[in-house]
Every structure is written in structure tokens, then in C-alpha cells.
Protein chains: 2
Amino acid sequence: MALAETIDLESRVEAGDHQALKLWLRLLACTTRVETVIRNRLRSEFGTTLPRFDLLAQLEREPGGLTMGELSARMMVTGGNVTGIVDQLEGEGLVVRNEHPSDRRAFRVQLTPAGRRQFRRMAAVHEGWIVDLFEGWSPTQKTQVHELLATLKTHLASFDATPAPRRKNKDSA
Amino acid sequence: MALAETIDLESRVEAGDHQALKLWLRLLACTTRVETVIRNRLRSEFGTTLPRFDLLAQLEREPGGLTMGELSARMMVTGGNVTGIVDQLEGEGLVVRNEHPSDRRAFRVQLTPAGRRQFRRMAAVHEGWIVDLFEGWSPTQKTQVHELLATLKTHLASFDATPAPRRKNKDSA
DNA sequence: TATTGTTATACTCTATAACTATA
DNA sequence: TATAGTTATAGAGTATAACAATA
């Protein structure tokens, strides 16, 4: 653990590896904790879930609506799941499947006025939770991490993180 | 208080809120991506999962073994899940339930020699993946974030993130 | 023939509750 | 009575594949 200073040349690479691993473990611990708090509160306060909240958030940003396929892509989940979530939200009167102007196979999924009201109410509370949770960092630190994460995000973009374990073709294997 | 001042104050708070939210979204995006890559590779390369890997990691650190309850606490999941994972790993010959010296209800779950070999092999590869994924940051940046996360982690410790949505008694928040 | 979305199914991960065998 | 672990069940959350309607 605290062996850092006395390393010789040979173990330096290994120490570097451990540095990355320890960083990852800590990052994961923090993220998981925040996520759990948010999930729990979303359920207890609003009787909803993270994917449902996420779907509403996607629609709120796109007043013209989104197709099921676009929702699927933005939420990074496969189509069948989107159908299920939209079914639920439509049942609650928060979203509607409107007809698509140019493709009769597709829909323009949009927020209803009630859906928009409900989402905004939740989003405001949600944002308050996030603010509290990240109060551990000063504004300067937040900015700093935000920028560091931008770098990391770019780097990570080159890794294959497709949801499916197996893609149709093209898998180099 | 002048109107202009009020507006200014309000928008400052709002700006601060958005800062935290944007930070969280980016943090979540990065973490999710890393996790997905790791999960996919763990499955495709070793036919295993993150919880199974995690359980082996817990045992590797504790040569004397751990009880089911201790595993449950360290992995932050409830008991029934641990039973399932240990069943699988025991079936594969990677861990054993040995008898507990002083409590006949409990076990000392331990790695088998094969389990230790297998875990070490996986852990080395796994660490390489992490190193690659975090190559986006310089060693200095890694250290920096690691320390910032320590601060955040401390702050987060005061929030209730119990797995269960509903606990026996009162919410302390 | 390709694509949009639905249906049906399955698997992972996790929680709860009732149960057993000790303590 | 309380605790360690198991069993059975439930419910998110996600994936795959076969299918219908339309392009």
C-alpha cells in the first residue's frame, strides 16, 4: 500500500500499474455510491428508475421528439428495452408515440405536457441531490476534474464498449 | 436589495448546480464505459463476471478465508447472492467452503490452489486492461484524481447508500 | 432486401423472506 | 431468541432472435 517512495527501477512499472488500478477502484467506488443514492431516491421520492428518468431527459432536450431507434442509440441500450420503457411511460401519460412525418414504420416519441412538468419537477430535485453529493469538491476542483475527465473520455472513445458481448460481424476474432 | 443583485445571485447558484450535474454526467459516462469494457473482456477472455472476479479478489487478500457473511459485507451485496456465486466458483474448483474453527454454522471460504493461480492470471491481465484504459492520464494526473477522489469519498460516506430501497427504520437524512 | 419497432425469451445482478442448523 | 447460511422468488436492467409492417 504505502510502499511508494522506496521503489527501485524494476518495480516502477509495476507501481505504475497499481496506480491505475487503485485509481480505478476508487473511481468505481465513488460512482457506484452516487448512483445507488440516486437510484434509491428516484424510487422512494418519485417511484421511478434511472432508465426512465434518462429517457425523459433525452426527450426533454429534443422538443421535436425522437424515434425509438434514436432513443435506443442515445441511451445505449438495445431496442427491445426502449419499447418496454416507452410502454410504461406512455401508460402513465408522460410520453406519447406520435406518427412520424415521413416514415410510417417509425414514431416521434414526445413528452406530453404532463410529462414535461413531471420531468422538470424531478430534474430540479435530482440536480439538488447531485449538488449535495458533490459538495465534497470546491468549484475549482469540480472544474478541474471535469476537464481531466474530458481527456479521459477522448481516450476511452477508442475502446470497444458495445453493449453486446457479440456483434453481428466484424469482430476481429 | 436591488433586483439586479437578486438575479445575479440566483443565476450563480444555478450555474453552480449545472456544474455539478455536468461533472456527474461525465464521470458516469467514463465509469460506465470502463466498466462495460471490463465486463465484456472478463466474459470473452475468461468466461467470468465482475462479481465473481471481485469475490476471488476478496479471498486472495485474505489467505485465512472469509465467512459468507464477511464476503457479503465486503462485496456490499446481500447473503443470498454470495451463496450463488460461491456455489458456482466451488463447482469450478476455484474456492472451497472449509469448516469454521469455532462456529459450526459458518464456513471459511478460501481459494483453492487452482483458484489462486486462476485469479492471479486474470488479475494480471485485468490490470493491464486498466492501465491501457487510463493511459489517457499522465501519472501526475492519475495521482491528482486519486487524491481528489479521496476527498469525495469521505464526503459521500455520509450519504445513505444501503442496497435496499427500504430499511427497517427511519431515514436519517 | 433492409430497416423500424414489437414480442418473447433469457441471463445477470441484486433484494426479500421463509427456512435450517447451529449458537 | 439470535445468527449464519440456504432456498426460493421477484424485479431491475439488459441482450438476442424471430417477426410484422413499411421502405
# chains A, B, ... in the order shown; residues from 1 in each chain; ligands from 1

$ residues_around --residues "C:DA23" --least-positions-apart "6" --cutoff "12 Å" --atoms "only C-alpha atoms (C1' of nucleotides)" --output "number ranges by chain"
B: 102-106; D: 1-4

$ write_last_selection --atoms "all heavy atoms" --output "short mmCIF file (atom, residue, chain, number, x, y, z; two decimals), in the first residue's frame"
data_model
loop_
_atom_site.label_atom_id
_atom_site.label_comp_id
_atom_site.auth_asym_id
_atom_site.auth_seq_id
_atom_site.Cartn_x
_atom_site.Cartn_y
_atom_site.Cartn_z
N SER B 102 -14.55 -22.27 14.97
CA SER B 102 -15.26 -22.06 16.23
C SER B 102 -16.78 -21.91 16.08
O SER B 102 -17.48 -21.72 17.05
CB SER B 102 -14.71 -20.80 16.91
OG SER B 102 -14.90 -19.67 16.06
N ASP B 103 -17.27 -21.99 14.86
CA ASP B 103 -18.71 -21.81 14.67
C ASP B 103 -19.17 -22.78 13.59
O ASP B 103 -18.86 -22.60 12.41
CB ASP B 103 -19.00 -20.35 14.27
CG ASP B 103 -20.49 -20.05 14.23
OD1 ASP B 103 -21.29 -21.01 14.10
OD2 ASP B 103 -20.86 -18.87 14.31
N ARG B 104 -19.90 -23.77 14.00
CA ARG B 104 -20.27 -24.81 13.05
C ARG B 104 -21.36 -24.39 12.08
O ARG B 104 -21.69 -25.14 11.16
CB ARG B 104 -20.65 -26.09 13.79
CG ARG B 104 -19.42 -26.82 14.30
CD ARG B 104 -19.73 -28.23 14.70
NE ARG B 104 -20.99 -28.30 15.45
CZ ARG B 104 -21.31 -29.25 16.30
NH1 ARG B 104 -20.44 -30.21 16.55
NH2 ARG B 104 -22.47 -29.25 16.90
N ARG B 105 -21.92 -23.20 12.31
CA ARG B 105 -22.88 -22.71 11.32
C ARG B 105 -22.18 -22.09 10.12
O ARG B 105 -22.71 -22.02 9.02
CB ARG B 105 -23.77 -21.61 11.94
CG ARG B 105 -24.67 -22.09 13.03
CD ARG B 105 -25.29 -20.89 13.73
NE ARG B 105 -24.28 -19.94 14.17
CZ ARG B 105 -24.55 -18.81 14.81
NH1 ARG B 105 -25.80 -18.46 15.04
NH2 ARG B 105 -23.59 -18.01 15.19
N ALA B 106 -20.97 -21.60 10.38
CA ALA B 106 -20.27 -20.79 9.36
C ALA B 106 -19.21 -21.58 8.60
O ALA B 106 -18.85 -22.69 8.98
CB ALA B 106 -19.64 -19.58 10.03
P DT D 1 -39.03 -16.24 21.64
OP1 DT D 1 -39.61 -15.14 22.39
OP2 DT D 1 -39.49 -16.61 20.33
"O5'" DT D 1 -37.46 -15.95 21.57
"C5'" DT D 1 -36.98 -15.01 22.54
"C4'" DT D 1 -35.58 -14.65 22.17
"O4'" DT D 1 -34.79 -15.86 22.13
"C3'" DT D 1 -35.44 -14.00 20.80
"O3'" DT D 1 -34.57 -12.89 20.91
"C2'" DT D 1 -34.86 -15.08 19.91
"C1'" DT D 1 -34.09 -15.92 20.91
N1 DT D 1 -33.99 -17.37 20.56
C2 DT D 1 -32.75 -17.92 20.41
O2 DT D 1 -31.72 -17.29 20.53
N3 DT D 1 -32.74 -19.26 20.12
C4 DT D 1 -33.82 -20.08 19.97
O4 DT D 1 -33.69 -21.27 19.72
C5 DT D 1 -35.10 -19.44 20.15
C7 DT D 1 -36.36 -20.26 20.01
C6 DT D 1 -35.14 -18.14 20.43
P DA D 2 -34.28 -11.94 19.73
OP1 DA D 2 -34.08 -10.59 20.27
OP2 DA D 2 -35.29 -12.19 18.68
"O5'" DA D 2 -32.87 -12.47 19.20
"C5'" DA D 2 -31.75 -12.43 20.08
"C4'" DA D 2 -30.52 -12.87 19.31
"O4'" DA D 2 -30.60 -14.29 19.07
"C3'" DA D 2 -30.37 -12.22 17.94
"O3'" DA D 2 -29.00 -11.93 17.77
"C2'" DA D 2 -30.88 -13.28 16.97
"C1'" DA D 2 -30.44 -14.55 17.68
N9 DA D 2 -31.23 -15.75 17.40
C8 DA D 2 -32.59 -15.89 17.38
N7 DA D 2 -33.00 -17.11 17.12
C5 DA D 2 -31.84 -17.82 16.95
C6 DA D 2 -31.58 -19.17 16.66
N6 DA D 2 -32.54 -20.07 16.48
N1 DA D 2 -30.28 -19.55 16.57
C2 DA D 2 -29.32 -18.64 16.76
N3 DA D 2 -29.43 -17.35 17.04
C4 DA D 2 -30.74 -17.00 17.12
P DT D 3 -28.46 -11.18 16.50
OP1 DT D 3 -27.42 -10.24 16.94
OP2 DT D 3 -29.62 -10.75 15.69
"O5'" DT D 3 -27.72 -12.36 15.71
"C5'" DT D 3 -26.69 -13.08 16.36
"C4'" DT D 3 -26.19 -14.16 15.44
"O4'" DT D 3 -27.17 -15.21 15.33
"C3'" DT D 3 -25.91 -13.68 14.02
"O3'" DT D 3 -24.62 -14.18 13.67
"C2'" DT D 3 -27.03 -14.31 13.18
"C1'" DT D 3 -27.29 -15.59 13.97
N1 DT D 3 -28.64 -16.19 13.83
C2 DT D 3 -28.70 -17.55 13.64
O2 DT D 3 -27.71 -18.26 13.57
N3 DT D 3 -29.97 -18.06 13.54
C4 DT D 3 -31.15 -17.36 13.60
O4 DT D 3 -32.22 -17.95 13.51
C5 DT D 3 -31.02 -15.94 13.80
C7 DT D 3 -32.25 -15.08 13.88
C6 DT D 3 -29.78 -15.43 13.90
P DA D 4 -23.99 -13.92 12.24
OP1 DA D 4 -22.57 -13.59 12.43
OP2 DA D 4 -24.90 -13.03 11.48
"O5'" DA D 4 -24.08 -15.37 11.60
"C5'" DA D 4 -23.14 -16.38 11.96
"C4'" DA D 4 -23.11 -17.46 10.89
"O4'" DA D 4 -24.39 -18.11 10.87
"C3'" DA D 4 -22.89 -16.92 9.48
"O3'" DA D 4 -21.97 -17.77 8.80
"C2'" DA D 4 -24.26 -16.92 8.84
"C1'" DA D 4 -25.02 -18.00 9.61
N9 DA D 4 -26.42 -17.64 9.88
C8 DA D 4 -26.90 -16.43 10.28
N7 DA D 4 -28.20 -16.41 10.45
C5 DA D 4 -28.60 -17.70 10.14
C6 DA D 4 -29.86 -18.32 10.13
N6 DA D 4 -31.00 -17.71 10.46
N1 DA D 4 -29.92 -19.62 9.78
C2 DA D 4 -28.77 -20.25 9.46
N3 DA D 4 -27.53 -19.77 9.43
C4 DA D 4 -27.52 -18.47 9.79
#

$ residues_around --residues "stretch 38-41 of chain B" --least-positions-apart "2" --cutoff "9 Å" --atoms "only C-alpha atoms (C1' of nucleotides)" --output "mmCIF file with all heavy atoms, in the first residue's frame"
data_model
loop_
_atom_site.group_PDB
_atom_site.id
_atom_site.type_symbol
_atom_site.label_atom_id
_atom_site.label_comp_id
_atom_site.auth_asym_id
_atom_site.auth_seq_id
_atom_site.Cartn_x
_atom_site.Cartn_y
_atom_site.Cartn_z
ATOM 1 N N ALA A 161 -16.845 -0.595 -26.460
ATOM 2 C CA ALA A 161 -17.711 -0.828 -25.300
ATOM 3 C C ALA A 161 -19.136 -1.050 -25.764
ATOM 4 O O ALA A 161 -20.089 -0.604 -25.148
ATOM 5 C CB ALA A 161 -17.634 0.338 -24.340
ATOM 6 N N THR A 162 -19.280 -1.758 -26.883
ATOM 7 C CA THR A 162 -20.623 -2.054 -27.359
ATOM 8 C C THR A 162 -21.341 -2.880 -26.315
ATOM 9 O O THR A 162 -20.734 -3.737 -25.683
ATOM 10 C CB THR A 162 -20.573 -2.850 -28.675
ATOM 11 O OG1 THR A 162 -19.515 -3.786 -28.597
ATOM 12 C CG2 THR A 162 -20.322 -1.913 -29.840
ATOM 13 N N PRO A 163 -22.616 -2.603 -26.144
ATOM 14 C CA PRO A 163 -23.366 -3.297 -25.107
ATOM 15 C C PRO A 163 -23.292 -4.802 -25.263
ATOM 16 O O PRO A 163 -23.062 -5.517 -24.312
ATOM 17 C CB PRO A 163 -24.807 -2.810 -25.310
ATOM 18 C CG PRO A 163 -24.806 -1.932 -26.508
ATOM 19 C CD PRO A 163 -23.424 -1.643 -26.879
ATOM 20 N N ALA A 164 -23.443 -5.267 -26.499
ATOM 21 C CA ALA A 164 -23.499 -6.702 -26.720
ATOM 22 C C ALA A 164 -22.122 -7.318 -26.607
ATOM 23 O O ALA A 164 -21.130 -6.739 -27.029
ATOM 24 C CB ALA A 164 -24.067 -6.984 -28.093
ATOM 25 N N PRO A 165 -22.066 -8.515 -26.066
ATOM 26 C CA PRO A 165 -20.805 -9.240 -25.979
ATOM 27 C C PRO A 165 -20.368 -9.657 -27.374
ATOM 28 O O PRO A 165 -19.213 -9.738 -27.668
ATOM 29 C CB PRO A 165 -21.146 -10.461 -25.134
ATOM 30 C CG PRO A 165 -22.634 -10.624 -25.253
ATOM 31 C CD PRO A 165 -23.177 -9.244 -25.433
ATOM 32 N N ARG B 33 -18.273 3.352 -19.222
ATOM 33 C CA ARG B 33 -17.543 2.838 -20.369
ATOM 34 C C ARG B 33 -16.446 1.867 -19.931
ATOM 35 O O ARG B 33 -16.314 0.784 -20.490
ATOM 36 C CB ARG B 33 -16.934 3.998 -21.157
ATOM 37 C CG ARG B 33 -16.292 3.525 -22.418
ATOM 38 C CD ARG B 33 -16.084 4.631 -23.431
ATOM 39 N NE ARG B 33 -15.869 4.035 -24.722
ATOM 40 C CZ ARG B 33 -16.747 4.004 -25.689
ATOM 41 N NH1 ARG B 33 -17.920 4.577 -25.524
ATOM 42 N NH2 ARG B 33 -16.484 3.427 -26.820
ATOM 43 N N VAL B 34 -15.681 2.266 -18.943
ATOM 44 C CA VAL B 34 -14.625 1.385 -18.455
ATOM 45 C C VAL B 34 -15.229 0.075 -17.959
ATOM 46 O O VAL B 34 -14.762 -1.019 -18.296
ATOM 47 C CB VAL B 34 -13.832 2.056 -17.309
ATOM 48 C CG1 VAL B 34 -12.865 1.065 -16.667
ATOM 49 C CG2 VAL B 34 -13.066 3.262 -17.826
ATOM 50 N N GLU B 35 -16.306 0.195 -17.214
ATOM 51 C CA GLU B 35 -16.934 -0.994 -16.654
ATOM 52 C C GLU B 35 -17.427 -1.936 -17.755
ATOM 53 O O GLU B 35 -17.273 -3.147 -17.645
ATOM 54 C CB GLU B 35 -18.112 -0.569 -15.774
ATOM 55 C CG GLU B 35 -18.228 -1.428 -14.541
ATOM 56 C CD GLU B 35 -19.406 -1.028 -13.685
ATOM 57 O OE1 GLU B 35 -19.708 0.187 -13.605
ATOM 58 O OE2 GLU B 35 -20.034 -1.932 -13.098
ATOM 59 N N THR B 36 -18.006 -1.367 -18.791
ATOM 60 C CA THR B 36 -18.503 -2.190 -19.883
ATOM 61 C C THR B 36 -17.362 -2.918 -20.573
ATOM 62 O O THR B 36 -17.470 -4.122 -20.867
ATOM 63 C CB THR B 36 -19.260 -1.319 -20.901
ATOM 64 O OG1 THR B 36 -20.297 -0.612 -20.217
ATOM 65 C CG2 THR B 36 -19.869 -2.167 -21.993
ATOM 66 N N ARG B 43 -15.747 -11.592 -19.669
ATOM 67 C CA ARG B 43 -16.562 -12.671 -20.207
ATOM 68 C C ARG B 43 -15.904 -13.348 -21.396
ATOM 69 O O ARG B 43 -15.791 -14.556 -21.446
ATOM 70 C CB ARG B 43 -17.937 -12.146 -20.612
ATOM 71 C CG ARG B 43 -18.781 -13.213 -21.321
ATOM 72 C CD ARG B 43 -20.196 -12.754 -21.483
ATOM 73 N NE ARG B 43 -20.224 -11.331 -21.820
ATOM 74 C CZ ARG B 43 -21.303 -10.588 -21.874
ATOM 75 N NH1 ARG B 43 -22.463 -11.114 -21.579
ATOM 76 N NH2 ARG B 43 -21.246 -9.327 -22.201
ATOM 77 N N SER B 44 -15.463 -12.512 -22.368
ATOM 78 C CA SER B 44 -14.945 -13.132 -23.589
ATOM 79 C C SER B 44 -13.584 -13.798 -23.367
ATOM 80 O O SER B 44 -13.297 -14.823 -23.967
ATOM 81 C CB SER B 44 -14.876 -12.110 -24.726
ATOM 82 O OG SER B 44 -13.987 -11.068 -24.414
ATOM 83 N N GLU B 45 -12.757 -13.234 -22.496
ATOM 84 C CA GLU B 45 -11.419 -13.806 -22.304
ATOM 85 C C GLU B 45 -11.413 -14.917 -21.254
ATOM 86 O O GLU B 45 -10.653 -15.853 -21.340
ATOM 87 C CB GLU B 45 -10.435 -12.731 -21.844
ATOM 88 C CG GLU B 45 -10.359 -11.500 -22.722
ATOM 89 C CD GLU B 45 -9.521 -11.724 -23.970
ATOM 90 O OE1 GLU B 45 -8.396 -12.226 -23.820
ATOM 91 O OE2 GLU B 45 -9.999 -11.401 -25.074
ATOM 92 N N PHE B 46 -12.227 -14.746 -20.224
ATOM 93 C CA PHE B 46 -12.133 -15.691 -19.106
ATOM 94 C C PHE B 46 -13.465 -16.352 -18.765
ATOM 95 O O PHE B 46 -13.531 -17.136 -17.823
ATOM 96 C CB PHE B 46 -11.599 -14.968 -17.863
ATOM 97 C CG PHE B 46 -10.209 -14.436 -18.014
ATOM 98 C CD1 PHE B 46 -9.955 -13.072 -17.989
ATOM 99 C CD2 PHE B 46 -9.139 -15.315 -18.184
ATOM 100 C CE1 PHE B 46 -8.662 -12.584 -18.128
ATOM 101 C CE2 PHE B 46 -7.841 -14.831 -18.318
ATOM 102 C CZ PHE B 46 -7.600 -13.464 -18.301
ATOM 103 N N GLY B 47 -14.504 -16.003 -19.486
ATOM 104 C CA GLY B 47 -15.799 -16.596 -19.182
ATOM 105 C C GLY B 47 -16.268 -16.330 -17.768
ATOM 106 O O GLY B 47 -16.912 -17.174 -17.139
ATOM 107 N N THR B 48 -15.932 -15.172 -17.255
ATOM 108 C CA THR B 48 -16.352 -14.864 -15.889
ATOM 109 C C THR B 48 -17.026 -13.496 -15.827
ATOM 110 O O THR B 48 -17.181 -12.837 -16.849
ATOM 111 C CB THR B 48 -15.166 -14.957 -14.898
ATOM 112 O OG1 THR B 48 -15.684 -15.004 -13.568
ATOM 113 C CG2 THR B 48 -14.232 -13.785 -15.028
ATOM 114 N N THR B 49 -17.438 -13.117 -14.633
ATOM 115 C CA THR B 49 -18.169 -11.861 -14.461
ATOM 116 C C THR B 49 -17.486 -11.009 -13.397
ATOM 117 O O THR B 49 -16.627 -11.495 -12.653
ATOM 118 C CB THR B 49 -19.608 -12.119 -13.998
ATOM 119 O OG1 THR B 49 -19.572 -12.697 -12.688
ATOM 120 C CG2 THR B 49 -20.349 -13.033 -14.958
ATOM 121 N N LEU B 50 -17.903 -9.774 -13.303
ATOM 122 C CA LEU B 50 -17.311 -8.862 -12.344
ATOM 123 C C LEU B 50 -17.530 -9.303 -10.893
ATOM 124 O O LEU B 50 -16.569 -9.318 -10.115
ATOM 125 C CB LEU B 50 -17.887 -7.461 -12.590
ATOM 126 C CG LEU B 50 -16.953 -6.250 -12.465
ATOM 127 C CD1 LEU B 50 -15.553 -6.523 -12.949
ATOM 128 C CD2 LEU B 50 -17.560 -5.077 -13.220
ATOM 129 N N HIS B 126 -6.156 -8.299 -16.194
ATOM 130 C CA HIS B 126 -7.118 -7.252 -15.841
ATOM 131 C C HIS B 126 -6.402 -5.929 -15.555
ATOM 132 O O HIS B 126 -6.815 -4.867 -16.005
ATOM 133 C CB HIS B 126 -7.909 -7.702 -14.602
ATOM 134 C CG HIS B 126 -8.766 -6.651 -13.984
ATOM 135 N ND1 HIS B 126 -8.342 -5.865 -12.937
ATOM 136 C CD2 HIS B 126 -10.020 -6.238 -14.277
ATOM 137 C CE1 HIS B 126 -9.311 -5.021 -12.617
ATOM 138 N NE2 HIS B 126 -10.339 -5.226 -13.401
ATOM 139 N N TRP B 129 -5.454 -4.217 -18.633
ATOM 140 C CA TRP B 129 -6.584 -3.519 -19.271
ATOM 141 C C TRP B 129 -6.782 -2.151 -18.636
ATOM 142 O O TRP B 129 -6.964 -1.149 -19.325
ATOM 143 C CB TRP B 129 -7.879 -4.314 -19.099
ATOM 144 C CG TRP B 129 -7.901 -5.647 -19.783
ATOM 145 C CD1 TRP B 129 -7.114 -6.044 -20.833
ATOM 146 C CD2 TRP B 129 -8.745 -6.748 -19.464
ATOM 147 N NE1 TRP B 129 -7.426 -7.339 -21.184
ATOM 148 C CE2 TRP B 129 -8.427 -7.794 -20.369
ATOM 149 C CE3 TRP B 129 -9.745 -6.982 -18.513
ATOM 150 C CZ2 TRP B 129 -9.074 -9.037 -20.343
ATOM 151 C CZ3 TRP B 129 -10.397 -8.204 -18.489
ATOM 152 C CH2 TRP B 129 -10.050 -9.216 -19.399
ATOM 153 N N ILE B 130 -6.748 -2.130 -17.318
ATOM 154 C CA ILE B 130 -6.965 -0.874 -16.607
ATOM 155 C C ILE B 130 -5.880 0.137 -16.960
ATOM 156 O O ILE B 130 -6.155 1.311 -17.211
ATOM 157 C CB ILE B 130 -7.005 -1.114 -15.078
ATOM 158 C CG1 ILE B 130 -8.172 -2.041 -14.710
ATOM 159 C CG2 ILE B 130 -7.087 0.198 -14.317
ATOM 160 C CD1 ILE B 130 -9.525 -1.476 -14.998
#

$ residues_around --residues "C:DC19" --least-positions-apart "2" --cutoff "10 Å" --atoms "only C-alpha atoms (C1' of nucleotides)" --output "tab-separated table (two decimals) with N, CA and C atoms (P, O5', C5', C4', C3', O3' and C1' of nucleotides), in the first residue's frame"
chain	number	residue	atom	x	y	z
C	17	DA	P	-38.98	-8.49	3.51
C	17	DA	O5'	-39.32	-10.04	3.48
C	17	DA	C5'	-39.99	-10.60	2.35
C	17	DA	C4'	-40.17	-12.08	2.58
C	17	DA	C3'	-40.28	-12.46	4.06
C	17	DA	O3'	-41.18	-13.55	4.17
C	17	DA	C1'	-38.43	-13.56	3.13
C	21	DA	P	-31.94	-28.96	8.91
C	21	DA	O5'	-30.89	-28.07	9.71
C	21	DA	C5'	-29.50	-28.18	9.35
C	21	DA	C4'	-28.69	-27.44	10.38
C	21	DA	C3'	-28.81	-28.03	11.78
C	21	DA	O3'	-27.73	-28.95	12.05
C	21	DA	C1'	-28.93	-25.61	11.78
D	6	DT	P	-24.34	-21.18	2.16
D	6	DT	O5'	-25.90	-21.54	2.14
D	6	DT	C5'	-26.34	-22.75	2.75
D	6	DT	C4'	-27.79	-23.02	2.39
D	6	DT	C3'	-28.08	-22.99	0.90
D	6	DT	O3'	-28.78	-24.19	0.59
D	6	DT	C1'	-29.58	-21.55	2.05
D	7	DT	P	-29.08	-24.61	-0.90
D	7	DT	O5'	-30.58	-24.10	-1.08
D	7	DT	C5'	-31.59	-24.60	-0.21
D	7	DT	C4'	-32.89	-23.87	-0.46
D	7	DT	C3'	-33.27	-23.73	-1.93
D	7	DT	O3'	-34.54	-24.34	-2.11
D	7	DT	C1'	-33.50	-21.66	-0.80

$ calpha_fit_rmsd --fixed "chain A" --moving "chain B"
4.0 Å

$ select_by_dssp --residues "stretch 1-172 of chain A" --states "alpha helix (DSSP H)" --output "VMD selection string"
chain A and resid 10 to 46 50 to 60 68 to 75 79 to 91 113 to 133 139 to 156

$ write_last_selection --atoms "C-alpha atoms" --output "short mmCIF file (atom, residue, chain, number, x, y, z; two decimals), in the first residue's frame"
data_model
loop_
_atom_site.label_atom_id
_atom_site.label_comp_id
_atom_site.auth_asym_id
_atom_site.auth_seq_id
_atom_site.Cartn_x
_atom_site.Cartn_y
_atom_site.Cartn_z
CA GLU A 10 12.37 -2.62 -11.76
CA SER A 11 9.25 -2.24 -9.76
CA ARG A 12 8.46 1.15 -11.19
CA VAL A 13 6.36 -0.18 -14.00
CA GLU A 14 4.51 -2.38 -11.59
CA ALA A 15 3.93 0.56 -9.31
CA GLY A 16 2.52 2.47 -12.25
CA ASP A 17 0.14 -0.36 -12.91
CA HIS A 18 -1.02 -0.39 -9.38
CA GLN A 19 -1.54 3.31 -9.56
CA ALA A 20 -4.01 2.90 -12.38
CA LEU A 21 -5.76 0.04 -10.64
CA LYS A 22 -6.12 1.87 -7.38
CA LEU A 23 -7.41 4.91 -9.19
CA TRP A 24 -9.99 2.81 -10.97
CA LEU A 25 -11.15 1.09 -7.81
CA ARG A 26 -11.64 4.40 -6.08
CA LEU A 27 -13.37 5.92 -9.07
CA LEU A 28 -15.70 2.96 -9.25
CA ALA A 29 -16.47 3.12 -5.55
CA CYS A 30 -17.43 6.79 -5.73
CA THR A 31 -19.51 6.44 -8.86
CA THR A 32 -21.34 3.39 -7.60
CA ARG A 33 -22.15 5.14 -4.37
CA VAL A 34 -23.58 8.20 -6.08
CA GLU A 35 -25.55 6.01 -8.45
CA THR A 36 -27.01 3.97 -5.63
CA VAL A 37 -28.09 7.08 -3.74
CA ILE A 38 -29.74 8.46 -6.86
CA ARG A 39 -31.47 5.21 -7.73
CA ASN A 40 -32.81 4.82 -4.22
CA ARG A 41 -34.11 8.35 -4.06
CA LEU A 42 -35.59 8.27 -7.53
CA ARG A 43 -37.58 5.26 -6.43
CA SER A 44 -38.57 6.41 -2.97
CA GLU A 45 -39.34 10.01 -3.90
CA PHE A 46 -40.75 9.61 -7.37
CA LEU A 50 -32.78 5.70 -13.72
CA PRO A 51 -33.52 4.46 -17.26
CA ARG A 52 -36.99 6.01 -17.17
CA PHE A 53 -35.56 9.27 -15.90
CA ASP A 54 -32.89 9.13 -18.56
CA LEU A 55 -35.41 8.57 -21.32
CA LEU A 56 -37.44 11.57 -20.22
CA ALA A 57 -34.26 13.63 -20.11
CA GLN A 58 -33.47 12.68 -23.69
CA LEU A 59 -36.93 13.74 -24.82
CA GLU A 60 -36.83 16.98 -22.88
CA MET A 68 -37.39 4.59 -30.83
CA GLY A 69 -34.14 3.92 -32.63
CA GLU A 70 -32.70 7.29 -31.71
CA LEU A 71 -33.66 6.75 -28.09
CA SER A 72 -32.02 3.36 -28.22
CA ALA A 73 -28.80 4.86 -29.56
CA ARG A 74 -28.69 7.72 -27.09
CA MET A 75 -29.42 5.57 -24.10
CA GLY A 79 -34.39 -1.60 -28.97
CA GLY A 80 -36.45 -4.07 -27.01
CA ASN A 81 -35.73 -2.23 -23.80
CA VAL A 82 -36.83 1.10 -25.19
CA THR A 83 -40.15 -0.39 -26.19
CA GLY A 84 -40.70 -1.51 -22.61
CA ILE A 85 -39.79 1.81 -21.04
CA VAL A 86 -41.85 3.83 -23.50
CA ASP A 87 -44.78 1.49 -22.88
CA GLN A 88 -44.63 2.23 -19.18
CA LEU A 89 -44.23 5.97 -19.58
CA GLU A 90 -46.99 6.10 -22.14
CA GLY A 91 -49.21 4.20 -19.73
CA PRO A 113 -47.31 18.46 -21.16
CA ALA A 114 -47.76 16.39 -18.03
CA GLY A 115 -44.57 14.53 -18.82
CA ARG A 116 -42.67 17.73 -19.24
CA ARG A 117 -43.97 19.13 -15.95
CA GLN A 118 -43.20 15.92 -14.13
CA PHE A 119 -39.72 15.67 -15.60
CA ARG A 120 -38.84 19.25 -14.76
CA ARG A 121 -40.01 18.77 -11.22
CA MET A 122 -37.88 15.66 -10.86
CA ALA A 123 -34.90 17.16 -12.66
CA ALA A 124 -34.76 20.11 -10.28
CA VAL A 125 -34.79 17.86 -7.23
CA HIS A 126 -32.33 15.50 -8.86
CA GLU A 127 -29.94 18.32 -9.54
CA GLY A 128 -30.11 19.30 -5.90
CA TRP A 129 -29.10 15.78 -4.92
CA ILE A 130 -26.12 15.91 -7.25
CA VAL A 131 -25.06 19.27 -5.91
CA ASP A 132 -25.13 17.90 -2.36
CA LEU A 133 -23.29 14.75 -3.28
CA PRO A 139 -15.96 24.70 -7.58
CA THR A 140 -12.33 24.82 -8.66
CA GLN A 141 -11.86 21.14 -8.04
CA LYS A 142 -15.05 20.35 -9.91
CA THR A 143 -13.84 22.27 -12.92
CA GLN A 144 -10.50 20.56 -12.72
CA VAL A 145 -11.96 17.07 -12.63
CA HIS A 146 -14.44 17.93 -15.34
CA GLU A 147 -11.57 18.86 -17.61
CA LEU A 148 -9.49 15.85 -16.70
CA LEU A 149 -12.46 13.65 -17.49
CA ALA A 150 -12.73 15.22 -20.91
CA THR A 151 -9.25 13.97 -21.68
CA LEU A 152 -10.03 10.53 -20.37
CA LYS A 153 -13.29 10.37 -22.27
CA THR A 154 -11.49 11.05 -25.53
CA HIS A 155 -9.02 8.31 -24.80
CA LEU A 156 -11.76 5.86 -23.85
#

$ atom_distance --atom1 "atom CA of A:Leu66" --atom2 "atom CA of A:Phe107"
7.6 Å

$ select_by_dssp --residues "stretch 94-173 of chain A" --states "strand (DSSP E)" --output "list in words"
Val95, Val96, Arg97, Asn98, Glu99, Phe107, Arg108, Val109, Gln110 and Leu111 of chain A

$ interface_residues --of "chain D" --to "chain A" --cutoff "8 Å" --atoms "only C-alpha atoms (C1' of nucleotides)" --output "VMD selection string"
chain D and resid 14 to 15 21 to 23

$ interface_residues --of "chain C" --to "chain A" --cutoff "12 Å" --atoms "only C-alpha atoms (C1' of nucleotides)" --output "list in words"
DT3, DT4, DG5, DT6, DT7, DA8 and DT9 of chain C

$ atom_distance --atom1 "atom CA of B:Leu94" --atom2 "atom CA of B:Leu111"
6.0 Å

$ atom_distance --atom1 "atom C1' of C:DA2" --atom2 "atom CA of A:Gly64"
26.0 Å
